[in-house]
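What follows is one structure encoded as structure tokens, with my remarks underneath.
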Amino acid sequence: HRSIAVFTSGGDSCGMNSAVRAVARMGIYVGCKVYLIKEGYQGMVDGGENFIEAEWKTVSGIMQKGGTVIGSARCKDFRTREGRLKAALNLIERKITNLVVIGGDGSLTGANLFRQEWTSLLDELISVGKITKETAELCSHLNIVGMVGSIDNDFCGTDMTIGADSALHRIIEAIDNIATTASSHQRCFVMEVMGRHCGYLALVAALASEADWVFIPEWPPETGWRDVLCNKLQKERSMGQRLNIIIVAEGAVDMEGNKITCDMVKDLIITELKYDTRVTILGHVQRGGSPSAFDRVLGCRMGAEAVLALMDATPDTPACVVSLDGNQTVRVPLLECVERTKRVQATMDKQDFTDAVKLRGRS
Ligand code: ATP
């Protein structure tokens with residue numbers, strides 16, 4: 001009888017519930033015992049009531065909800081060997097040797113480390129008398145499958161992360177709302193959107209909202225951009241446009257690596273053009289609300305595939321991430337994707353944008 005545990009970790013995103021539901025139901029369908037672990041790695045370390053055995057109906061009615069109903073947490077304990085030892089014991093006590101982690105690159109890195117350490121964790125638990133050799137043999141391999149839940153769409157190896165599409169819906173709704181008031185008062189709005197190192201949300205939101213200008217980390221504006229921007233806005237106004245929308249990704253920088261802030265852009269426009277200009281930082285509304293149809297279906301497909309990947313795993317199968325390639329659900333090596341994602345962040349920090357975009361590939 002195989003046991004699977006699923007948990008969500010790192011920042012929440014829409015569609016995580018759908019993925020949890022699919023893991024639980026597909027797991028039960030293929031004959032496994034499925035546990036939901038509450039509060040991410042913290043719940044795994046703390047054990048007890050954080051482990052809930054899922055029945056078919058346990059996960060009904062959660063797909064429509066944003067965030068993650070089983071909770072997520074940042075967990076310092078899991079970064080220590082002692083914490084991981086406790087987590088291992090909690091899994092072994094329930095004969096769980098299959099883990100599905102839904103989170104960002106940090107959560108997937110932690111999972112991979114856990115898997116690499118598994119044998120030595122078992123040895124230590126035997127040596128301190130917490131488990132027997134027989135139990136250790138029954139639980140000798142830990143299979144791990146990851147799914148990327150993130151609004152940023154910043155993970156190498158998948159075309160879409162779970163939650164990015166819903167965040168885009170929130171951003172577009174907000175821009176549309178602002179556009180009506182901007183137009184009434186002939187205002188210019190400078191809006192910051194999330195995305196960390198990745199300009200995906202800002203770029204797609206700008207395209208879909210008829211924005212006049214977008215600043216993204218991957219493409220710092222040429223020196224002299226201030227004049228180009230002001231000339232463009234002026235030209236548009238002269239053609240009868242009553243409003244201006246400028247989108248600034250939270251990670252946007254100029255050629256020298258200096259952060260481009262909404263206030264900077266606002267001050268420029270007020271000084272040069274005297275337009276009535278306001279700043280709106282969208283903030284956490286971007287994470288909330290109900291998941292889009294796309295994210296619900298994405299979570300379903302990924303969750304089902306994750307269970308199938310676990311069932312196919314042998315002791316030699318490396319940990320994988322279930323991801324989207326075009327319209328196909330695929331399995332990609334976890335370690336390689338995490339390393340590539342980290343390299344992108346490092347190259348972006350060094351202002352090497354061409355390399356970062358190449359590394360990120362299709363996503
Ligand atoms: P997001 O992209 O939303 O930030 P994330 O998964 O990258 O999500 P992190 O805070 O980096 O978020 O990681 C979540 C948790 O995963 C951490 O709180 C920690 O418990 C665990 N974790 C991350 N990195 C490691 C690591 N190197 N070793 C062990 N555990 C880790």
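Identifiers in the structure tokens: chain A, B, ... in order shown; residue index from 1 per chain; ligand index from 1 in order shown.
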
_Using only C-alpha atoms and all ligand atoms, which residues have at least one atom no more than 6 Å from ligand 1? Output them as a PyMOL selection string._
chain A and resi 9-11+41+74-76+78-79+103-107+109-110+150

_When DSSP is applied to the backbone of this structure, which of segment 148-265 of chain A are assigned helix (DSSP H, G or I)? Write them out as a PyMOL selection string._
chain A and resi 164-185+200-209+225-238+262-265

Write out the residues from the selection above, keeping C-alpha atoms, as a tab-separated table (two decimals), in the first residue's frame.
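And here is the file that came out, result-v4.tsv:
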```
chain	number	residue	atom	x	y	z
A	164	ALA	CA	0.27	33.35	-13.20
A	165	ASP	CA	-2.86	33.45	-15.34
A	166	SER	CA	-5.15	34.36	-12.42
A	167	ALA	CA	-2.74	37.11	-11.35
A	168	LEU	CA	-2.93	38.49	-14.88
A	169	HIS	CA	-6.72	38.55	-14.65
A	170	ARG	CA	-6.48	40.56	-11.41
A	171	ILE	CA	-4.01	43.01	-12.97
A	172	ILE	CA	-6.09	43.50	-16.09
A	173	GLU	CA	-9.26	44.10	-14.03
A	174	ALA	CA	-7.40	46.71	-11.98
A	175	ILE	CA	-5.99	48.47	-15.03
A	176	ASP	CA	-9.41	48.52	-16.70
A	177	ASN	CA	-10.92	50.04	-13.56
A	178	ILE	CA	-8.24	52.68	-13.38
A	179	ALA	CA	-8.50	53.46	-17.08
A	180	THR	CA	-12.09	54.67	-16.75
A	181	THR	CA	-11.25	57.20	-14.04
A	182	ALA	CA	-8.01	58.16	-15.79
A	183	SER	CA	-9.90	58.91	-18.96
A	184	SER	CA	-12.57	60.96	-17.17
A	185	HIS	CA	-9.94	63.22	-15.61
A	200	TYR	CA	6.09	38.35	-17.64
A	201	LEU	CA	3.13	39.79	-15.71
A	202	ALA	CA	4.04	43.38	-16.59
A	203	LEU	CA	4.63	42.66	-20.26
A	204	VAL	CA	1.50	40.61	-20.86
A	205	ALA	CA	-0.61	43.02	-18.80
A	206	ALA	CA	0.72	45.93	-20.87
A	207	LEU	CA	-0.09	44.17	-24.14
A	208	ALA	CA	-3.57	43.24	-22.99
A	209	SER	CA	-4.47	46.66	-21.59
A	225	TRP	CA	14.46	56.95	-22.46
A	226	ARG	CA	13.04	59.87	-20.54
A	227	ASP	CA	12.79	62.02	-23.68
A	228	VAL	CA	11.42	59.17	-25.75
A	229	LEU	CA	8.75	58.43	-23.15
A	230	CYS	CA	7.67	62.06	-22.79
A	231	ASN	CA	7.54	62.57	-26.57
A	232	LYS	CA	5.41	59.46	-26.95
A	233	LEU	CA	2.93	60.51	-24.28
A	234	GLN	CA	2.70	64.00	-25.77
A	235	LYS	CA	2.11	62.63	-29.24
A	236	GLU	CA	-0.69	60.41	-27.98
A	237	ARG	CA	-2.36	63.25	-26.16
A	238	SER	CA	-2.11	65.42	-29.29
A	262	CYS	CA	6.78	54.46	-10.14
A	263	ASP	CA	7.53	57.66	-8.23
A	264	MET	CA	10.53	58.36	-10.44
A	265	VAL	CA	8.39	58.04	-13.56
```

*Would you please work out which residue, of A:Val30, A:Leu36, A:Ile96, A:Ile281, is nearest to Val59 of chain A when using only C-alpha atoms?*
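Distance minimum relative to Val59 of chain A lands on A:Leu36.
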
*asked:* Let me make sure I understand: among A:Gly43, A:Gly83, A:Gly251, A:Gly157, which one has the smallest atom-to-atom distance to Glu218 of chain A if we use only C-alpha atoms?
replied: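 Residue with the minimum atom-to-atom distance to Glu218 of chain A: A:Gly251.
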
*Within segment 165-351 of chain A, find each residue whose DSSP state, derived from the backbone, is strand (DSSP E), and express the selection as a ChimeraX atom specification.*
/A:188-193,213-215,244-249,277-281,320-325,328-333
